[in-house]
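Structure data (PDB, C-alpha atoms, pLDDT in the B column) from structure-v2.pdb:
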```pdb
ATOM      1  CA  MET A   1      -1.796  33.523 -14.496  1.00 45.00           C
ATOM      2  CA  GLU A   2       0.974  34.943 -16.652  1.00 47.00           C
ATOM      3  CA  GLY A   3      -0.040  37.039 -19.650  1.00 52.00           C
ATOM      4  CA  ARG A   4      -3.734  36.888 -18.952  1.00 65.00           C
ATOM      5  CA  GLU A   5      -6.082  39.754 -19.731  1.00 75.00           C
ATOM      6  CA  ASN A   6      -7.110  42.146 -16.978  1.00 81.00           C
ATOM      7  CA  ILE A   7     -10.845  41.446 -16.867  1.00 87.00           C
ATOM      8  CA  ASP A   8     -13.198  43.035 -14.383  1.00 88.00           C
ATOM      9  CA  ALA A   9     -15.039  40.414 -12.317  1.00 90.00           C
ATOM     10  CA  ARG A  10     -18.431  42.023 -12.901  1.00 92.00           C
ATOM     11  CA  GLU A  11     -17.837  42.212 -16.646  1.00 92.00           C
ATOM     12  CA  PHE A  12     -16.795  38.572 -16.668  1.00 93.00           C
ATOM     13  CA  VAL A  13     -19.929  37.475 -14.796  1.00 94.00           C
ATOM     14  CA  ASP A  14     -22.149  39.419 -17.186  1.00 94.00           C
ATOM     15  CA  ARG A  15     -20.466  37.797 -20.167  1.00 93.00           C
ATOM     16  CA  VAL A  16     -20.709  34.234 -18.883  1.00 94.00           C
ATOM     17  CA  LEU A  17     -24.343  34.838 -17.958  1.00 95.00           C
ATOM     18  CA  ASP A  18     -24.894  35.784 -21.597  1.00 94.00           C
ATOM     19  CA  VAL A  19     -23.368  32.447 -22.554  1.00 95.00           C
ATOM     20  CA  GLY A  20     -25.314  30.464 -19.949  1.00 95.00           C
ATOM     21  CA  THR A  21     -28.745  31.925 -20.627  1.00 95.00           C
ATOM     22  CA  MET A  22     -28.335  31.709 -24.407  1.00 95.00           C
ATOM     23  CA  LEU A  23     -27.407  28.043 -24.144  1.00 95.00           C
ATOM     24  CA  MET A  24     -30.279  27.298 -21.740  1.00 95.00           C
ATOM     25  CA  GLU A  25     -32.780  29.113 -23.966  1.00 94.00           C
ATOM     26  CA  SER A  26     -31.500  27.236 -27.019  1.00 93.00           C
ATOM     27  CA  GLY A  27     -31.945  23.724 -25.623  1.00 93.00           C
ATOM     28  CA  ALA A  28     -28.586  22.873 -24.006  1.00 95.00           C
ATOM     29  CA  HIS A  29     -28.487  20.674 -20.922  1.00 95.00           C
ATOM     30  CA  CYS A  30     -26.904  21.979 -17.714  1.00 96.00           C
ATOM     31  CA  ASP A  31     -23.694  19.945 -17.921  1.00 95.00           C
ATOM     32  CA  ARG A  32     -22.909  21.394 -21.340  1.00 96.00           C
ATOM     33  CA  ILE A  33     -23.576  24.911 -20.073  1.00 96.00           C
ATOM     34  CA  ASP A  34     -21.313  24.298 -17.084  1.00 96.00           C
ATOM     35  CA  ARG A  35     -18.473  23.024 -19.299  1.00 95.00           C
ATOM     36  CA  ASN A  36     -18.639  26.083 -21.532  1.00 96.00           C
ATOM     37  CA  ILE A  37     -18.643  28.512 -18.589  1.00 96.00           C
ATOM     38  CA  GLN A  38     -15.845  26.684 -16.759  1.00 95.00           C
ATOM     39  CA  ARG A  39     -13.781  26.770 -19.956  1.00 94.00           C
ATOM     40  CA  LEU A  40     -14.082  30.555 -20.059  1.00 94.00           C
ATOM     41  CA  ALA A  41     -13.304  30.811 -16.338  1.00 94.00           C
ATOM     42  CA  ARG A  42     -10.104  28.745 -16.570  1.00 93.00           C
ATOM     43  CA  LYS A  43      -8.802  30.900 -19.388  1.00 92.00           C
ATOM     44  CA  ALA A  44      -9.727  34.203 -17.697  1.00 91.00           C
ATOM     45  CA  GLY A  45      -8.359  33.172 -14.307  1.00 90.00           C
ATOM     46  CA  PHE A  46     -11.567  33.016 -12.282  1.00 93.00           C
ATOM     47  CA  ASN A  47     -13.078  30.435  -9.973  1.00 93.00           C
ATOM     48  CA  ILE A  48     -16.761  29.963 -10.717  1.00 93.00           C
ATOM     49  CA  GLU A  49     -19.746  28.857  -8.669  1.00 93.00           C
ATOM     50  CA  ILE A  50     -22.946  28.236 -10.656  1.00 94.00           C
ATOM     51  CA  PHE A  51     -26.507  27.520  -9.609  1.00 94.00           C
ATOM     52  CA  PHE A  52     -28.980  26.410 -12.256  1.00 94.00           C
ATOM     53  CA  SER A  53     -32.731  26.610 -11.974  1.00 92.00           C
ATOM     54  CA  PHE A  54     -35.268  26.246 -14.753  1.00 93.00           C
ATOM     55  CA  THR A  55     -36.023  29.969 -14.817  1.00 93.00           C
ATOM     56  CA  ALA A  56     -32.693  31.568 -13.856  1.00 95.00           C
ATOM     57  CA  ILE A  57     -28.926  31.107 -13.610  1.00 96.00           C
ATOM     58  CA  SER A  58     -26.821  32.475 -10.747  1.00 95.00           C
ATOM     59  CA  ILE A  59     -23.033  32.830 -11.027  1.00 95.00           C
ATOM     60  CA  THR A  60     -20.312  33.938  -8.618  1.00 95.00           C
ATOM     61  CA  ALA A  61     -16.834  34.635 -10.030  1.00 94.00           C
ATOM     62  CA  THR A  62     -13.728  35.073  -7.846  1.00 93.00           C
ATOM     63  CA  ASP A  63     -10.314  36.101  -9.155  1.00 90.00           C
ATOM     64  CA  GLN A  64      -7.805  33.295  -8.604  1.00 88.00           C
ATOM     65  CA  GLU A  65      -4.986  35.744  -7.798  1.00 87.00           C
ATOM     66  CA  ASP A  66      -7.015  38.302  -5.821  1.00 86.00           C
ATOM     67  CA  PRO A  67      -9.981  36.770  -3.956  1.00 86.00           C
ATOM     68  CA  ALA A  68     -11.172  40.252  -3.046  1.00 86.00           C
ATOM     69  CA  ARG A  69     -12.125  40.733  -6.682  1.00 89.00           C
ATOM     70  CA  THR A  70     -15.436  38.911  -6.816  1.00 92.00           C
ATOM     71  CA  ALA A  71     -18.863  39.427  -8.351  1.00 93.00           C
ATOM     72  CA  THR A  72     -22.224  37.683  -8.190  1.00 94.00           C
ATOM     73  CA  ALA A  73     -25.171  38.067 -10.540  1.00 95.00           C
ATOM     74  CA  ILE A  74     -28.360  36.263 -11.472  1.00 94.00           C
ATOM     75  CA  ARG A  75     -30.245  36.377 -14.743  1.00 94.00           C
ATOM     76  CA  ASN A  76     -33.657  35.099 -15.783  1.00 95.00           C
ATOM     77  CA  VAL A  77     -34.067  32.494 -18.498  1.00 94.00           C
ATOM     78  CA  ARG A  78     -36.736  34.094 -20.671  1.00 91.00           C
ATOM     79  CA  HIS A  79     -37.955  31.020 -22.548  1.00 89.00           C
ATOM     80  CA  HIS A  80     -37.053  27.438 -23.414  1.00 90.00           C
ATOM     81  CA  GLY A  81     -36.718  26.636 -27.087  1.00 88.00           C
ATOM     82  CA  THR A  82     -34.461  24.705 -29.422  1.00 89.00           C
ATOM     83  CA  HIS A  83     -31.771  26.257 -31.596  1.00 90.00           C
ATOM     84  CA  PHE A  84     -28.800  23.937 -31.899  1.00 90.00           C
ATOM     85  CA  GLY A  85     -27.105  26.359 -34.295  1.00 89.00           C
ATOM     86  CA  ILE A  86     -26.687  28.805 -31.410  1.00 92.00           C
ATOM     87  CA  VAL A  87     -25.557  26.004 -29.080  1.00 94.00           C
ATOM     88  CA  SER A  88     -22.841  24.938 -31.546  1.00 93.00           C
ATOM     89  CA  GLN A  89     -21.681  28.486 -32.268  1.00 94.00           C
ATOM     90  CA  ILE A  90     -21.381  29.356 -28.569  1.00 95.00           C
ATOM     91  CA  SER A  91     -19.363  26.192 -27.907  1.00 95.00           C
ATOM     92  CA  LEU A  92     -16.999  27.015 -30.768  1.00 95.00           C
ATOM     93  CA  LEU A  93     -16.535  30.562 -29.458  1.00 95.00           C
ATOM     94  CA  THR A  94     -15.647  29.350 -25.965  1.00 95.00           C
ATOM     95  CA  TRP A  95     -13.036  27.010 -27.443  1.00 95.00           C
ATOM     96  CA  LYS A  96     -11.575  29.785 -29.577  1.00 94.00           C
ATOM     97  CA  TYR A  97     -11.243  31.996 -26.500  1.00 93.00           C
ATOM     98  CA  TYR A  98      -9.775  29.137 -24.466  1.00 92.00           C
ATOM     99  CA  ASP A  99      -7.214  28.400 -27.191  1.00 91.00           C
ATOM    100  CA  GLY A 100      -6.170  32.069 -27.271  1.00 87.00           C
ATOM    101  CA  ASN A 101      -7.556  32.798 -30.726  1.00 87.00           C
ATOM    102  CA  MET A 102      -9.608  35.798 -29.578  1.00 89.00           C
ATOM    103  CA  THR A 103      -9.639  38.402 -26.815  1.00 90.00           C
ATOM    104  CA  PHE A 104     -12.338  38.703 -24.167  1.00 90.00           C
ATOM    105  CA  GLY A 105     -13.636  41.865 -25.838  1.00 89.00           C
ATOM    106  CA  ARG A 106     -13.854  40.102 -29.179  1.00 92.00           C
ATOM    107  CA  LEU A 107     -15.670  37.216 -27.490  1.00 92.00           C
ATOM    108  CA  GLY A 108     -18.343  39.641 -26.289  1.00 90.00           C
ATOM    109  CA  GLU A 109     -18.807  41.004 -29.809  1.00 92.00           C
ATOM    110  CA  GLU A 110     -19.162  37.505 -31.248  1.00 93.00           C
ATOM    111  CA  ILE A 111     -21.685  36.511 -28.578  1.00 92.00           C
ATOM    112  CA  CYS A 112     -23.799  39.542 -29.507  1.00 90.00           C
ATOM    113  CA  ARG A 113     -23.613  38.457 -33.142  1.00 91.00           C
ATOM    114  CA  VAL A 114     -24.713  34.917 -32.285  1.00 90.00           C
ATOM    115  CA  ARG A 115     -27.605  36.267 -30.191  1.00 86.00           C
ATOM    116  CA  ASP A 116     -28.950  37.966 -33.318  1.00 83.00           C
ATOM    117  CA  THR A 117     -28.695  34.803 -35.427  1.00 79.00           C
ATOM    118  CA  PRO A 118     -31.916  34.641 -37.480  1.00 80.00           C
ATOM    119  CA  ARG A 119     -34.096  31.580 -37.208  1.00 79.00           C
ATOM    120  CA  TYR A 120     -35.155  29.571 -40.217  1.00 82.00           C
ATOM    121  CA  ASN A 121     -37.959  30.936 -42.353  1.00 86.00           C
ATOM    122  CA  SER A 122     -41.307  30.040 -40.764  1.00 88.00           C
ATOM    123  CA  TRP A 123     -42.779  28.590 -43.931  1.00 92.00           C
ATOM    124  CA  LEU A 124     -39.652  26.510 -44.533  1.00 93.00           C
ATOM    125  CA  VAL A 125     -40.046  25.048 -41.041  1.00 92.00           C
ATOM    126  CA  ARG A 126     -43.737  24.320 -41.631  1.00 93.00           C
ATOM    127  CA  LEU A 127     -42.983  22.633 -44.941  1.00 95.00           C
ATOM    128  CA  SER A 128     -40.177  20.575 -43.406  1.00 95.00           C
ATOM    129  CA  VAL A 129     -42.335  19.449 -40.480  1.00 95.00           C
ATOM    130  CA  GLY A 130     -45.156  18.505 -42.845  1.00 95.00           C
ATOM    131  CA  VAL A 131     -42.835  16.479 -45.069  1.00 96.00           C
ATOM    132  CA  ALA A 132     -41.273  14.764 -42.040  1.00 96.00           C
ATOM    133  CA  CYS A 133     -44.653  13.732 -40.621  1.00 96.00           C
ATOM    134  CA  ALA A 134     -45.822  12.538 -44.052  1.00 96.00           C
ATOM    135  CA  CYS A 135     -42.681  10.417 -44.410  1.00 96.00           C
ATOM    136  CA  LEU A 136     -43.218   8.941 -40.949  1.00 95.00           C
ATOM    137  CA  CYS A 137     -46.756   8.094 -41.994  1.00 95.00           C
ATOM    138  CA  LEU A 138     -45.489   6.275 -45.077  1.00 94.00           C
ATOM    139  CA  LEU A 139     -42.877   4.433 -42.998  1.00 94.00           C
ATOM    140  CA  ALA A 140     -45.639   3.367 -40.594  1.00 92.00           C
ATOM    141  CA  GLY A 141     -47.527   1.685 -43.416  1.00 91.00           C
ATOM    142  CA  GLY A 142     -49.742   4.457 -44.760  1.00 89.00           C
ATOM    143  CA  ASP A 143     -50.284   5.138 -48.441  1.00 92.00           C
ATOM    144  CA  SER A 144     -50.003   8.419 -50.324  1.00 93.00           C
ATOM    145  CA  ILE A 145     -53.464   9.573 -49.195  1.00 94.00           C
ATOM    146  CA  ASP A 146     -52.601   8.905 -45.556  1.00 94.00           C
ATOM    147  CA  GLY A 147     -49.317  10.766 -46.048  1.00 94.00           C
ATOM    148  CA  ALA A 148     -51.127  13.728 -47.615  1.00 95.00           C
ATOM    149  CA  PHE A 149     -53.461  13.975 -44.615  1.00 95.00           C
ATOM    150  CA  ALA A 150     -50.497  13.763 -42.228  1.00 95.00           C
ATOM    151  CA  PHE A 151     -48.759  16.527 -44.179  1.00 96.00           C
ATOM    152  CA  ALA A 152     -51.807  18.811 -44.183  1.00 96.00           C
ATOM    153  CA  ALA A 153     -52.617  18.180 -40.518  1.00 96.00           C
ATOM    154  CA  SER A 154     -49.091  18.711 -39.178  1.00 96.00           C
ATOM    155  CA  THR A 155     -48.529  21.843 -41.281  1.00 96.00           C
ATOM    156  CA  ALA A 156     -51.812  23.366 -40.120  1.00 96.00           C
ATOM    157  CA  GLY A 157     -51.115  22.370 -36.518  1.00 96.00           C
ATOM    158  CA  LEU A 158     -47.668  23.970 -36.530  1.00 96.00           C
ATOM    159  CA  LEU A 159     -49.073  27.125 -38.098  1.00 96.00           C
ATOM    160  CA  LEU A 160     -51.690  27.338 -35.341  1.00 96.00           C
ATOM    161  CA  ARG A 161     -49.132  26.750 -32.577  1.00 95.00           C
ATOM    162  CA  GLN A 162     -46.742  29.373 -33.949  1.00 94.00           C
ATOM    163  CA  THR A 163     -49.566  31.890 -34.349  1.00 95.00           C
ATOM    164  CA  MET A 164     -50.851  31.360 -30.819  1.00 95.00           C
ATOM    165  CA  ILE A 165     -47.373  31.582 -29.263  1.00 92.00           C
ATOM    166  CA  LYS A 166     -46.683  34.753 -31.223  1.00 92.00           C
ATOM    167  CA  ALA A 167     -49.962  36.139 -29.845  1.00 94.00           C
ATOM    168  CA  ARG A 168     -48.633  35.285 -26.331  1.00 91.00           C
ATOM    169  CA  TYR A 169     -51.058  32.490 -25.554  1.00 93.00           C
ATOM    170  CA  ASN A 170     -49.949  30.043 -22.885  1.00 92.00           C
ATOM    171  CA  LEU A 171     -47.728  27.309 -24.348  1.00 92.00           C
ATOM    172  CA  MET A 172     -49.934  24.515 -23.018  1.00 94.00           C
ATOM    173  CA  VAL A 173     -53.065  26.064 -24.507  1.00 96.00           C
ATOM    174  CA  ALA A 174     -51.255  26.377 -27.850  1.00 96.00           C
ATOM    175  CA  ILE A 175     -50.159  22.726 -27.707  1.00 96.00           C
ATOM    176  CA  LEU A 176     -53.667  21.527 -26.827  1.00 96.00           C
ATOM    177  CA  ALA A 177     -55.270  23.589 -29.608  1.00 97.00           C
ATOM    178  CA  SER A 178     -52.668  22.411 -32.125  1.00 97.00           C
ATOM    179  CA  SER A 179     -53.182  18.778 -31.151  1.00 96.00           C
ATOM    180  CA  PHE A 180     -56.950  19.240 -31.477  1.00 96.00           C
ATOM    181  CA  LEU A 181     -56.689  20.742 -34.978  1.00 96.00           C
ATOM    182  CA  ILE A 182     -54.216  18.104 -36.166  1.00 96.00           C
ATOM    183  CA  THR A 183     -56.481  15.285 -35.030  1.00 95.00           C
ATOM    184  CA  VAL A 184     -59.553  16.888 -36.632  1.00 94.00           C
ATOM    185  CA  ILE A 185     -57.816  17.088 -40.020  1.00 95.00           C
ATOM    186  CA  SER A 186     -56.111  13.687 -39.907  1.00 92.00           C
ATOM    187  CA  GLY A 187     -59.204  12.173 -38.263  1.00 90.00           C
ATOM    188  CA  LEU A 188     -61.274  12.960 -41.350  1.00 90.00           C
ATOM    189  CA  ASN A 189     -59.143  10.412 -43.168  1.00 88.00           C
ATOM    190  CA  ALA A 190     -59.925   7.793 -40.525  1.00 84.00           C
ATOM    191  CA  LEU A 191     -63.599   8.808 -40.398  1.00 85.00           C
ATOM    192  CA  LEU A 192     -64.077   8.571 -44.166  1.00 85.00           C
ATOM    193  CA  SER A 193     -61.611   5.680 -44.678  1.00 82.00           C
ATOM    194  CA  LEU A 194     -59.975   7.417 -47.630  1.00 88.00           C
ATOM    195  CA  GLY A 195     -56.535   5.905 -47.197  1.00 84.00           C
ATOM    196  CA  SER A 196     -55.537   2.268 -46.834  1.00 87.00           C
ATOM    197  CA  ASN A 197     -54.336   2.743 -43.255  1.00 89.00           C
ATOM    198  CA  PRO A 198     -55.847   5.999 -41.964  1.00 88.00           C
ATOM    199  CA  ASP A 199     -54.822   5.408 -38.342  1.00 90.00           C
ATOM    200  CA  THR A 200     -51.215   6.069 -39.336  1.00 92.00           C
ATOM    201  CA  SER A 201     -51.983   9.649 -40.349  1.00 92.00           C
ATOM    202  CA  VAL A 202     -53.641  10.317 -36.980  1.00 91.00           C
ATOM    203  CA  ALA A 203     -50.755   8.758 -35.063  1.00 91.00           C
ATOM    204  CA  THR A 204     -47.879  10.405 -36.951  1.00 94.00           C
ATOM    205  CA  ALA A 205     -49.213  13.921 -37.609  1.00 94.00           C
ATOM    206  CA  VAL A 206     -48.882  14.927 -33.930  1.00 95.00           C
ATOM    207  CA  LEU A 207     -45.368  13.560 -33.443  1.00 94.00           C
ATOM    208  CA  PHE A 208     -43.665  16.923 -33.998  1.00 94.00           C
ATOM    209  CA  LEU A 209     -45.389  18.161 -30.824  1.00 95.00           C
ATOM    210  CA  VAL A 210     -43.621  15.541 -28.674  1.00 94.00           C
ATOM    211  CA  PRO A 211     -41.128  17.406 -26.423  1.00 94.00           C
ATOM    212  CA  GLY A 212     -38.044  15.356 -27.228  1.00 92.00           C
ATOM    213  CA  VAL A 213     -35.445  17.951 -26.199  1.00 94.00           C
ATOM    214  CA  PRO A 214     -36.873  18.678 -22.707  1.00 93.00           C
ATOM    215  CA  LEU A 215     -37.288  14.966 -21.970  1.00 95.00           C
ATOM    216  CA  ILE A 216     -33.775  14.059 -23.156  1.00 95.00           C
ATOM    217  CA  ASN A 217     -32.274  16.983 -21.228  1.00 95.00           C
ATOM    218  CA  CYS A 218     -34.277  15.874 -18.189  1.00 96.00           C
ATOM    219  CA  ILE A 219     -32.527  12.488 -18.231  1.00 96.00           C
ATOM    220  CA  ILE A 220     -29.073  14.033 -18.804  1.00 96.00           C
ATOM    221  CA  ASP A 221     -29.544  16.559 -15.994  1.00 96.00           C
ATOM    222  CA  LEU A 222     -30.801  13.805 -13.706  1.00 95.00           C
ATOM    223  CA  VAL A 223     -27.772  11.613 -14.407  1.00 95.00           C
ATOM    224  CA  LYS A 224     -25.369  14.544 -13.988  1.00 95.00           C
ATOM    225  CA  GLY A 225     -26.940  15.636 -10.695  1.00 93.00           C
ATOM    226  CA  TYR A 226     -28.750  18.820 -11.713  1.00 94.00           C
ATOM    227  CA  TYR A 227     -31.924  17.758  -9.953  1.00 94.00           C
ATOM    228  CA  PRO A 228     -33.924  21.043  -9.881  1.00 93.00           C
ATOM    229  CA  THR A 229     -33.698  21.531 -13.651  1.00 95.00           C
ATOM    230  CA  ALA A 230     -34.150  17.797 -14.286  1.00 95.00           C
ATOM    231  CA  VAL A 231     -37.433  17.769 -12.363  1.00 96.00           C
ATOM    232  CA  ALA A 232     -38.618  20.984 -14.039  1.00 95.00           C
ATOM    233  CA  ARG A 233     -37.814  19.705 -17.533  1.00 95.00           C
ATOM    234  CA  GLY A 234     -39.525  16.404 -16.776  1.00 95.00           C
ATOM    235  CA  VAL A 235     -42.665  18.128 -15.514  1.00 95.00           C
ATOM    236  CA  LEU A 236     -42.722  20.408 -18.564  1.00 94.00           C
ATOM    237  CA  GLY A 237     -42.337  17.487 -20.968  1.00 95.00           C
ATOM    238  CA  SER A 238     -44.954  15.414 -19.158  1.00 95.00           C
ATOM    239  CA  PHE A 239     -47.479  18.244 -19.152  1.00 95.00           C
ATOM    240  CA  ILE A 240     -46.943  18.849 -22.872  1.00 95.00           C
ATOM    241  CA  LEU A 241     -47.628  15.148 -23.490  1.00 96.00           C
ATOM    242  CA  LEU A 242     -50.776  15.431 -21.391  1.00 96.00           C
ATOM    243  CA  CYS A 243     -51.961  18.427 -23.455  1.00 96.00           C
ATOM    244  CA  ILE A 244     -51.335  16.492 -26.674  1.00 96.00           C
ATOM    245  CA  ALA A 245     -53.387  13.575 -25.355  1.00 95.00           C
ATOM    246  CA  VAL A 246     -56.223  15.821 -24.170  1.00 96.00           C
ATOM    247  CA  GLY A 247     -56.384  17.617 -27.511  1.00 95.00           C
ATOM    248  CA  MET A 248     -56.522  14.308 -29.375  1.00 94.00           C
ATOM    249  CA  PHE A 249     -59.151  12.910 -27.018  1.00 93.00           C
ATOM    250  CA  ILE A 250     -61.460  15.928 -27.377  1.00 94.00           C
ATOM    251  CA  SER A 251     -61.092  15.886 -31.154  1.00 92.00           C
ATOM    252  CA  MET A 252     -61.753  12.159 -31.487  1.00 90.00           C
ATOM    253  CA  THR A 253     -64.775  12.424 -29.216  1.00 90.00           C
ATOM    254  CA  LEU A 254     -66.269  15.285 -31.231  1.00 89.00           C
ATOM    255  CA  ILE A 255     -65.768  13.770 -34.672  1.00 84.00           C
ATOM    256  CA  GLY A 256     -66.724  10.266 -33.574  1.00 80.00           C
ATOM    257  CA  ILE A 257     -63.513   8.242 -33.903  1.00 75.00           C
ATOM    258  CA  ASN A 258     -63.911   5.351 -31.447  1.00 71.00           C
ATOM    259  CA  ASN A 259     -61.704   2.632 -32.917  1.00 62.00           C
ATOM    260  CA  PHE A 260     -58.281   4.308 -32.839  1.00 57.00           C
TER     261      PHE A 260
END
```
Entire entry expressed as structure tokens:
Amino acid sequence: MEGRENIDAREFVDRVLDVGTMLMESGAHCDRIDRNIQRLARKAGFNIEIFFSFTAISITATDQEDPARTATAIRNVRHHGTHFGIVSQISLLTWKYYDGNMTFGRLGEEICRVRDTPRYNSWLVRLSVGVACACLCLLAGGDSIDGAFAFAASTAGLLLRQTMIKARYNLMVAILASSFLITVISGLNALLSLGSNPDTSVATAVLFLVPGVPLINCIIDLVKGYYPTAVARGVLGSFILLCIAVGMFISMTLIGINNF
């Protein structure tokens, strides 16, 4: 490839693994990750073989002009979250490199910068989730009292989940405990019949716990043929839904809600 940079195969593999794991940890589906990595490979002059699993990514890069220059590496995926800001920034960087607007060294510097992108303020997230659940409650037919209970329950539930995850509790335990607390708070509205439609606050306050991203990515990966990650994402999403249901069931049983 005329005029291309002289990039060491091992360095290239390390860089694209940075891209792949960051995208996976930020909620990207496998086909999007593959497109971004293949874009970098075409520009740098490498042939790429990628294997995705739910907990790791393995990549082999071979120089198109010198097949003896090859490197293979595997890297663990540390966690699975959602940060579409990082997903968008990484995609833009790969296009800039592909279009020749930055060098490979500059790409590495920008990837390090994106990795350190701060998340939104925790209290801003809690407030936003509370407002969203309250609005859903109103849209479902609840009144202002029902919406206030949905707001209080979802905010408290998110606070509990964040605190437990920060304390390194198992994710499923955190989800179950959060669902339990949310239903206790919103269930008081149903128990005391304070609002006009108290069931709406119980039903909508837990909606932020629903694992939309894993379930959507599960379908995309399944359609695109990434079966190992599709199955893993589906199992994760299903188990989270089970924990939500168990938490709600225990709470309703304890506080005596039997007509939900």
Query raised in the report: What do you get, as a count of residues only, if you spell out every residue that the PyMOL selection byres ((chain A and resi 30) around 9) selects here?
Result: 17
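Distance-wise, atom CA of His79 of chain A and atom CA of Ala132 of chain A end up 25.6 Å apart.
The space between atom CA of Ala71 of chain A and atom CA of Ala9 of chain A spans 5.6 Å.
Each of A:Ser154, A:Ser88, A:Gln64, A:Ser186 was checked against Gly27 of chain A using all atoms listed in the file; the smallest atom-to-atom distance is that of A:Ser88.
The closest residue to Pro198 of chain A, picked from A:Gln38, A:Gln162, A:Ser144, A:Ser251 and counting all atoms listed in the file, is A:Ser144.
Separating atom CA of Cys133 of chain A from atom CA of Asp146 of chain A is a distance of 10.5 Å.
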Report task. Kindly indicate which residue among A:Leu139, A:Val184, A:Ala205, A:Met22 lies nearest to Thr82 of chain A, using only C-alpha atoms for the distances. Result -> A:Met22
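The nearest approach to Phe208 of chain A among the residues A:Val129, A:Gly247, A:Ala140, A:Leu242, with all atoms listed in the file taken into account, belongs to A:Val129.
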**Report entry** Residue members of the PyMOL selection byres ((chain A and resi 250) around 12) in the file shown, as a ChimeraX atom specification
**Finding:** /A:176-184,187,243-249,251-258
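The residue set within 10 Å of segment 233-235 of chain A, counting all atoms listed in the file and dropping same-chain residues fewer than 5 places from it, reads His29, Phe54, His80, Pro211, Val213, Pro214, Leu215, Ile216, Asn217, Cys218, Ile219, Asp221, Leu222, Tyr227, Pro228, Ile240 and Leu241 of chain A.
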Next, write the just-selected residues to a file, as a compact mmCIF listing (two decimals), in the coordinates of the input, keeping C-alpha atoms as the atom set.
```txt
# COMPACT_ATOMS: atom_id res chain seq x y z
CA HIS A 29 -28.49 20.67 -20.92
CA PHE A 54 -35.27 26.25 -14.75
CA HIS A 80 -37.05 27.44 -23.41
CA PRO A 211 -41.13 17.41 -26.42
CA VAL A 213 -35.44 17.95 -26.20
CA PRO A 214 -36.87 18.68 -22.71
CA LEU A 215 -37.29 14.97 -21.97
CA ILE A 216 -33.78 14.06 -23.16
CA ASN A 217 -32.27 16.98 -21.23
CA CYS A 218 -34.28 15.87 -18.19
CA ILE A 219 -32.53 12.49 -18.23
CA ASP A 221 -29.54 16.56 -15.99
CA LEU A 222 -30.80 13.80 -13.71
CA TYR A 227 -31.92 17.76 -9.95
CA PRO A 228 -33.92 21.04 -9.88
CA ILE A 240 -46.94 18.85 -22.87
CA LEU A 241 -47.63 15.15 -23.49
```
Query raised in the report: Looking at all atoms listed in the file, which of A:Ala153, A:Leu17, A:Val114, A:Leu107 is the one that sits closest to Phe84 of chain A?
Result: A:Val114
Query raised in the report: Counting only C-alpha atoms, which of A:Leu138, A:Ile145, A:Met172, A:Ala56 gets nearest to Leu188 of chain A?
Result: A:Ile145
Centre and edge lengths of an axis-aligned box around all listed atoms of segment 159-175 of chain A, with 5 Å added on each side, are to be given in Å to one decimal, as JSON.
```
{"center_x": -49.9, "center_y": 29.4, "center_z": -30.5, "size_x": 16.4, "size_y": 23.4, "size_z": 25.2}
```
